[in-house]
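**Q** Okay, so here is work33.tsv, and as you'll see once you scroll down, it has TSV, N, CA and C atoms.
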chain	number	residue	atom	x	y	z
M	1	MET	N	0.85	-1.18	0.00
M	1	MET	CA	0.00	0.00	0.00
M	1	MET	C	0.89	1.23	0.00
M	2	ASP	N	0.67	2.13	-0.90
M	2	ASP	CA	1.40	3.40	-0.88
M	2	ASP	C	0.98	4.14	0.36
M	3	THR	N	1.93	4.65	1.10
M	3	THR	CA	1.57	5.35	2.32
M	3	THR	C	1.45	6.83	2.08
M	4	ARG	N	0.45	7.41	2.68
M	4	ARG	CA	0.23	8.86	2.63
M	4	ARG	C	0.03	9.36	4.05
M	5	GLY	N	0.59	8.67	4.98
M	5	GLY	CA	0.48	9.02	6.39
M	5	GLY	C	1.45	8.14	7.14
M	6	SER	N	1.39	8.19	8.44
M	6	SER	CA	2.31	7.39	9.22
M	6	SER	C	1.68	6.06	9.59
M	7	PRO	N	2.48	5.00	9.54
M	7	PRO	CA	1.94	3.70	9.91
M	7	PRO	C	1.61	3.66	11.39
M	8	GLY	N	0.57	2.97	11.72
M	8	GLY	CA	0.17	2.82	13.11
M	8	GLY	C	-0.03	1.35	13.40
M	9	LYS	N	-0.85	1.04	14.37
M	9	LYS	CA	-1.11	-0.34	14.74
M	9	LYS	C	-1.68	-1.14	13.58
M	10	GLY	N	-2.53	-0.51	12.76
M	10	GLY	CA	-3.21	-1.22	11.69
M	10	GLY	C	-2.42	-1.31	10.40
M	11	GLY	N	-1.20	-0.82	10.33
M	11	GLY	CA	-0.40	-0.83	9.12
M	11	GLY	C	-0.21	0.57	8.58
M	12	SER	N	-0.14	0.68	7.25
M	12	SER	CA	0.06	1.98	6.62
M	12	SER	C	-1.29	2.59	6.25
M	13	THR	N	-1.26	3.87	5.92
M	13	THR	CA	-2.48	4.59	5.57
M	13	THR	C	-2.41	5.06	4.12
M	14	ALA	N	-3.48	4.80	3.38
M	14	ALA	CA	-3.58	5.25	1.99
M	14	ALA	C	-4.76	6.20	1.88
M	15	MET	N	-4.60	7.23	1.06
M	15	MET	CA	-5.68	8.17	0.79
M	15	MET	C	-6.05	8.05	-0.68
M	16	LEU	N	-7.34	7.86	-0.94
M	16	LEU	CA	-7.84	7.72	-2.30
M	16	LEU	C	-8.83	8.81	-2.62
M	17	SER	N	-8.84	9.24	-3.86
M	17	SER	CA	-9.87	10.12	-4.37
M	17	SER	C	-10.92	9.21	-5.01
M	18	ILE	N	-12.18	9.36	-4.60
M	18	ILE	CA	-13.27	8.52	-5.09
M	18	ILE	C	-14.18	9.36	-5.98
M	19	SER	N	-14.50	8.85	-7.16
M	19	SER	CA	-15.41	9.56	-8.06
M	19	SER	C	-16.66	8.72	-8.29
M	20	GLY	N	-17.72	9.39	-8.70
M	20	GLY	CA	-18.95	8.70	-9.02
M	20	GLY	C	-19.95	8.61	-7.89
M	21	MET	N	-19.60	9.10	-6.71
M	21	MET	CA	-20.55	9.08	-5.59
M	21	MET	C	-21.53	10.23	-5.75
M	22	THR	N	-22.81	9.95	-5.49
M	22	THR	CA	-23.84	10.98	-5.61
M	22	THR	C	-24.55	11.26	-4.30
M	23	CYS	N	-24.24	10.49	-3.24
M	23	CYS	CA	-24.92	10.70	-1.96
M	23	CYS	C	-24.13	10.02	-0.84
M	24	ASP	N	-24.59	10.23	0.40
M	24	ASP	CA	-23.94	9.59	1.55
M	24	ASP	C	-24.09	8.07	1.49
M	25	GLY	N	-25.16	7.59	0.87
M	25	GLY	CA	-25.33	6.15	0.71
M	25	GLY	C	-24.22	5.54	-0.12
M	26	CYS	N	-23.80	6.27	-1.14
M	26	CYS	CA	-22.67	5.82	-1.97
M	26	CYS	C	-21.41	5.73	-1.12
M	27	ALA	N	-21.18	6.73	-0.29
M	27	ALA	CA	-19.99	6.73	0.57
M	27	ALA	C	-20.01	5.54	1.52
M	28	LYS	N	-21.19	5.21	2.05
M	28	LYS	CA	-21.31	4.04	2.93
M	28	LYS	C	-21.03	2.76	2.17
M	29	THR	N	-21.50	2.69	0.93
M	29	THR	CA	-21.24	1.52	0.09
M	29	THR	C	-19.75	1.36	-0.16
M	30	VAL	N	-19.07	2.44	-0.52
M	30	VAL	CA	-17.63	2.38	-0.79
M	30	VAL	C	-16.87	2.03	0.49
M	31	THR	N	-17.30	2.57	1.62
M	31	THR	CA	-16.68	2.23	2.91
M	31	THR	C	-16.79	0.73	3.15
M	32	ARG	N	-17.98	0.18	2.94
M	32	ARG	CA	-18.20	-1.25	3.15
M	32	ARG	C	-17.33	-2.08	2.21
M	33	ILE	N	-17.25	-1.67	0.95
M	33	ILE	CA	-16.43	-2.38	-0.04
M	33	ILE	C	-14.97	-2.40	0.39
M	34	LEU	N	-14.45	-1.23	0.76
M	34	LEU	CA	-13.04	-1.14	1.17
M	34	LEU	C	-12.79	-1.93	2.45
M	35	SER	N	-13.73	-1.91	3.38
M	35	SER	CA	-13.57	-2.61	4.65
M	35	SER	C	-13.48	-4.12	4.46
M	36	ARG	N	-14.06	-4.64	3.38
M	36	ARG	CA	-14.07	-6.08	3.12
M	36	ARG	C	-12.83	-6.57	2.38
M	37	VAL	N	-11.98	-5.66	1.93
M	37	VAL	CA	-10.75	-6.06	1.25
M	37	VAL	C	-9.80	-6.68	2.29
M	38	PRO	N	-9.29	-7.89	2.01
M	38	PRO	CA	-8.35	-8.51	2.94
M	38	PRO	C	-7.17	-7.59	3.24
M	39	GLY	N	-6.84	-7.47	4.51
M	39	GLY	CA	-5.72	-6.64	4.93
M	39	GLY	C	-6.12	-5.24	5.37
M	40	VAL	N	-7.38	-4.85	5.16
M	40	VAL	CA	-7.83	-3.52	5.57
M	40	VAL	C	-8.24	-3.55	7.03
M	41	SER	N	-7.64	-2.68	7.82
M	41	SER	CA	-7.97	-2.56	9.24
M	41	SER	C	-9.13	-1.60	9.45
M	42	SER	N	-9.13	-0.51	8.69
M	42	SER	CA	-10.22	0.46	8.78
M	42	SER	C	-10.32	1.23	7.48
M	43	ALA	N	-11.54	1.68	7.18
M	43	ALA	CA	-11.79	2.48	5.99
M	43	ALA	C	-12.84	3.52	6.32
M	44	LYS	N	-12.60	4.74	5.88
M	44	LYS	CA	-13.57	5.81	6.07
M	44	LYS	C	-13.64	6.60	4.77
M	45	VAL	N	-14.87	6.77	4.27
M	45	VAL	CA	-15.09	7.50	3.04
M	45	VAL	C	-15.95	8.72	3.35
M	46	ASP	N	-15.53	9.87	2.87
M	46	ASP	CA	-16.26	11.13	3.09
M	46	ASP	C	-16.85	11.59	1.77
M	47	PHE	N	-18.19	11.60	1.70
M	47	PHE	CA	-18.88	12.03	0.48
M	47	PHE	C	-18.58	13.49	0.15
M	48	ALA	N	-18.53	14.35	1.14
M	48	ALA	CA	-18.34	15.78	0.91
M	48	ALA	C	-17.00	16.09	0.25
M	49	THR	N	-15.98	15.33	0.58
M	49	THR	CA	-14.64	15.59	0.03
M	49	THR	C	-14.24	14.58	-1.04
M	50	ASN	N	-15.08	13.53	-1.24
M	50	ASN	CA	-14.76	12.46	-2.19
M	50	ASN	C	-13.43	11.80	-1.89
M	51	ARG	N	-13.17	11.61	-0.59
M	51	ARG	CA	-11.90	11.01	-0.18
M	51	ARG	C	-12.14	9.78	0.68
M	52	ALA	N	-11.22	8.84	0.54
M	52	ALA	CA	-11.22	7.65	1.38
M	52	ALA	C	-9.88	7.56	2.09
M	53	VAL	N	-9.93	7.22	3.35
M	53	VAL	CA	-8.72	6.98	4.14
M	53	VAL	C	-8.78	5.51	4.56
M	54	VAL	N	-7.78	4.74	4.14
M	54	VAL	CA	-7.77	3.31	4.40
M	54	VAL	C	-6.49	2.95	5.13
M	55	THR	N	-6.64	2.19	6.22
M	55	THR	CA	-5.50	1.75	7.01
M	55	THR	C	-5.41	0.24	6.94
M	56	GLY	N	-4.21	-0.25	6.80
M	56	GLY	CA	-4.00	-1.69	6.78
M	56	GLY	C	-2.84	-2.08	5.90
M	57	SER	N	-2.84	-3.35	5.50
M	57	SER	CA	-1.73	-3.86	4.71
M	57	SER	C	-2.12	-4.19	3.27
M	58	ALA	N	-3.37	-3.90	2.88
M	58	ALA	CA	-3.82	-4.19	1.52
M	58	ALA	C	-3.05	-3.32	0.52
M	59	HIS	N	-2.76	-3.90	-0.64
M	59	HIS	CA	-2.05	-3.17	-1.68
M	59	HIS	C	-2.97	-2.14	-2.32
M	60	LEU	N	-2.44	-1.01	-2.67
M	60	LEU	CA	-3.20	0.09	-3.25
M	60	LEU	C	-3.97	-0.34	-4.50
M	61	ASP	N	-3.34	-1.12	-5.36
M	61	ASP	CA	-4.00	-1.58	-6.59
M	61	ASP	C	-5.24	-2.42	-6.28
M	62	VAL	N	-5.20	-3.20	-5.21
M	62	VAL	CA	-6.34	-4.04	-4.83
M	62	VAL	C	-7.48	-3.16	-4.33
M	63	LEU	N	-7.16	-2.12	-3.58
M	63	LEU	CA	-8.19	-1.19	-3.10
M	63	LEU	C	-8.88	-0.50	-4.27
M	64	ILE	N	-8.10	-0.02	-5.20
M	64	ILE	CA	-8.65	0.67	-6.38
M	64	ILE	C	-9.51	-0.29	-7.20
M	65	ALA	N	-9.04	-1.50	-7.39
M	65	ALA	CA	-9.80	-2.49	-8.17
M	65	ALA	C	-11.13	-2.81	-7.50
M	66	ALA	N	-11.16	-2.90	-6.19
M	66	ALA	CA	-12.40	-3.19	-5.47
M	66	ALA	C	-13.42	-2.08	-5.66
M	67	VAL	N	-12.97	-0.83	-5.57
M	67	VAL	CA	-13.86	0.31	-5.75
M	67	VAL	C	-14.38	0.35	-7.19
M	68	GLN	N	-13.50	0.12	-8.14
M	68	GLN	CA	-13.90	0.16	-9.55
M	68	GLN	C	-14.85	-0.98	-9.90
M	69	ALA	N	-14.67	-2.13	-9.29
M	69	ALA	CA	-15.56	-3.27	-9.53
M	69	ALA	C	-16.99	-2.96	-9.07
M	70	ALA	N	-17.12	-2.06	-8.11
M	70	ALA	CA	-18.44	-1.67	-7.62
M	70	ALA	C	-19.05	-0.55	-8.45
M	71	GLY	N	-18.32	-0.06	-9.46
M	71	GLY	CA	-18.87	0.95	-10.35
M	71	GLY	C	-18.48	2.38	-10.04
M	72	TYR	N	-17.54	2.57	-9.13
M	72	TYR	CA	-17.06	3.91	-8.79
M	72	TYR	C	-15.63	4.07	-9.32
M	73	GLY	N	-15.13	5.28	-9.34
M	73	GLY	CA	-13.76	5.54	-9.73
M	73	GLY	C	-12.90	5.73	-8.50
M	74	ALA	N	-11.62	5.40	-8.62
M	74	ALA	CA	-10.69	5.58	-7.51
M	74	ALA	C	-9.30	5.83	-8.05
M	75	GLN	N	-8.57	6.66	-7.35
M	75	GLN	CA	-7.17	6.92	-7.69
M	75	GLN	C	-6.47	7.40	-6.43
M	76	PRO	N	-5.15	7.22	-6.38
M	76	PRO	CA	-4.40	7.71	-5.23
M	76	PRO	C	-4.52	9.23	-5.14
M	77	MET	N	-4.60	9.76	-3.95
M	77	MET	CA	-4.64	11.21	-3.77
M	77	MET	C	-3.34	11.80	-4.31
M	78	GLY	N	-3.48	12.91	-5.01
M	78	GLY	CA	-2.32	13.58	-5.57
M	78	GLY	C	-2.07	13.20	-7.02
M	79	SER	N	-2.82	12.22	-7.52
M	79	SER	CA	-2.67	11.81	-8.91
M	79	SER	C	-3.31	12.88	-9.80
M	80	ASP	N	-2.70	13.15	-10.94
M	80	ASP	CA	-3.20	14.19	-11.83
M	80	ASP	C	-4.30	13.71	-12.77
M	81	THR	N	-4.44	12.41	-12.94
M	81	THR	CA	-5.44	11.90	-13.87
M	81	THR	C	-6.63	11.34	-13.12
M	82	ILE	N	-7.78	11.40	-13.76
M	82	ILE	CA	-8.99	10.86	-13.17
M	82	ILE	C	-9.30	9.55	-13.87
M	83	GLU	N	-9.40	8.49	-13.07
M	83	GLU	CA	-9.75	7.19	-13.63
M	83	GLU	C	-11.24	7.00	-13.48
M	84	ARG	N	-11.93	6.91	-14.59
M	84	ARG	CA	-13.37	6.67	-14.56
M	84	ARG	C	-13.68	5.50	-15.48
M	85	GLY	N	-14.40	4.54	-14.93
M	85	GLY	CA	-14.83	3.41	-15.73
M	85	GLY	C	-15.99	3.84	-16.60
M	86	GLN	N	-16.18	3.15	-17.72
M	86	GLN	CA	-17.30	3.48	-18.60
M	86	GLN	C	-18.63	3.23	-17.92
M	87	ASN	N	-18.66	2.27	-17.00
M	87	ASN	CA	-19.91	1.95	-16.34
M	87	ASN	C	-19.91	2.43	-14.88
M	88	GLU	N	-19.29	3.55	-14.65
M	88	GLU	CA	-19.22	4.10	-13.30
M	88	GLU	C	-20.62	4.24	-12.71
M	89	ARG	N	-20.79	3.74	-11.53
M	89	ARG	CA	-22.05	3.72	-10.78
M	89	ARG	C	-23.05	2.71	-11.29
M	90	SER	N	-22.77	2.06	-12.41
M	90	SER	CA	-23.76	1.15	-12.99
M	90	SER	C	-24.06	-0.03	-12.08
M	91	GLY	N	-23.08	-0.50	-11.33
M	91	GLY	CA	-23.31	-1.65	-10.46
M	91	GLY	C	-23.59	-1.28	-9.03
M	92	SER	N	-23.67	-0.01	-8.73
M	92	SER	CA	-23.79	0.39	-7.33
M	92	SER	C	-25.22	0.29	-6.81
M	93	GLY	N	-26.21	0.33	-7.69
M	93	GLY	CA	-27.60	0.28	-7.25
M	93	GLY	C	-28.04	1.55	-6.55
M	94	CYS	N	-27.32	2.62	-6.76
M	94	CYS	CA	-27.62	3.89	-6.10
M	94	CYS	C	-27.96	4.95	-7.13
M	95	CYS	N	-28.84	5.83	-6.76
M	95	CYS	CA	-29.21	7.03	-7.52
M	95	CYS	C	-29.31	6.76	-9.00
Kindly return the structure encoded in the file as structure tokens.

**A**
Amino acid sequence: MDTRGSPGKGGSTAMLSISGMTCDGCAKTVTRILSRVPGVSSAKVDFATNRAVVTGSAHLDVLIAAVQAAGYGAQPMGSDTIERGQNERSGSGCC
């Protein structure tokens, strides 16, 4: 996992930019998805800022793939490009 913070008890911390969310329900869905990735100790997604903070040992690519598989976009914070799937939000069942 690329670290964007200091490692703590749960491992390293990654910050992701999440796209495609349209409500707090979407943020809860993405939080649940990230929390289920093996190696994730904690995940928090903020709809207002479109950011996710994930702590644990999961690899960054696995976190991004999990979010994208659910129909949302994800990229490491600080990345200049926006990754959007053609079917963004299509599998989320939201809005």

**Q** Any idea what's packed within 8 Å of His59 (chain M), counting all atoms listed in the file, ignoring anything in its chain fewer than 3 positions away? Could you give it as a PyMOL selection string?

**A** chain M and resi 1-2+38-40+56+62-65

**Q** With region 16-20 of chain M as the partner and 5 Å as the cut-off, tabulate the residues of region 31-70 of chain M that qualify, each row holding the nearest pair of atoms and their distance in Å to one decimal, using all atoms listed in the file, sorted by chain and rising number, as a tab-separated table.

**A**
residue	atom	partner	partner_atom	distance
M:Asn50	C	M:Ile18	N	3.9
M:Arg51	CA	M:Leu16	C	4.5
M:Ala52	N	M:Leu16	C	4.0

**Q** Please list as a list in words every residue within 6 Å of Met15 (chain M), counting all atoms listed in the file and excluding residues in the same chain fewer than 2 positions away.

**A**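 In the requested format, the answer is Arg4, Thr13, Ser17, Ala52, Val53, Val54, Gln75, Pro76 and Met77 of chain M.
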
**Q** Since we have the selection now, will you write its residues out, keeping N, CA and C atoms, as a tab-separated table (two decimals), in the coordinates of the input?

**A**
chain	number	residue	atom	x	y	z
M	4	ARG	N	0.45	7.41	2.68
M	4	ARG	CA	0.23	8.86	2.63
M	4	ARG	C	0.03	9.36	4.05
M	13	THR	N	-1.26	3.87	5.92
M	13	THR	CA	-2.48	4.59	5.57
M	13	THR	C	-2.41	5.06	4.12
M	17	SER	N	-8.84	9.24	-3.86
M	17	SER	CA	-9.87	10.12	-4.37
M	17	SER	C	-10.92	9.21	-5.01
M	52	ALA	N	-11.22	8.84	0.54
M	52	ALA	CA	-11.22	7.65	1.38
M	52	ALA	C	-9.88	7.56	2.09
M	53	VAL	N	-9.93	7.22	3.35
M	53	VAL	CA	-8.72	6.98	4.14
M	53	VAL	C	-8.78	5.51	4.56
M	54	VAL	N	-7.78	4.74	4.14
M	54	VAL	CA	-7.77	3.31	4.40
M	54	VAL	C	-6.49	2.95	5.13
M	75	GLN	N	-8.57	6.66	-7.35
M	75	GLN	CA	-7.17	6.92	-7.69
M	75	GLN	C	-6.47	7.40	-6.43
M	76	PRO	N	-5.15	7.22	-6.38
M	76	PRO	CA	-4.40	7.71	-5.23
M	76	PRO	C	-4.52	9.23	-5.14
M	77	MET	N	-4.60	9.76	-3.95
M	77	MET	CA	-4.64	11.21	-3.77
M	77	MET	C	-3.34	11.80	-4.31

**Q** I'd like the interatomic distance between CA of Ala66 (chain M) and CA of Thr29 (chain M), to a tenth of an Å.

**A**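 That distance, rounded to one decimal, is 11.5 Å.
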
**Q** Give me, please, the distance in Å between atom C of Thr22 (chain M) and atom C of Ser35 (chain M), quoted to one decimal.

**A** 20.9 Å

**Q** One number please: CA of Ala70 (chain M) to CA of Ser12 (chain M), in Å, one decimal.

**A**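 Going from CA of Ala70 (chain M) over to CA of Ser12 (chain M), I get 23.6 Å.
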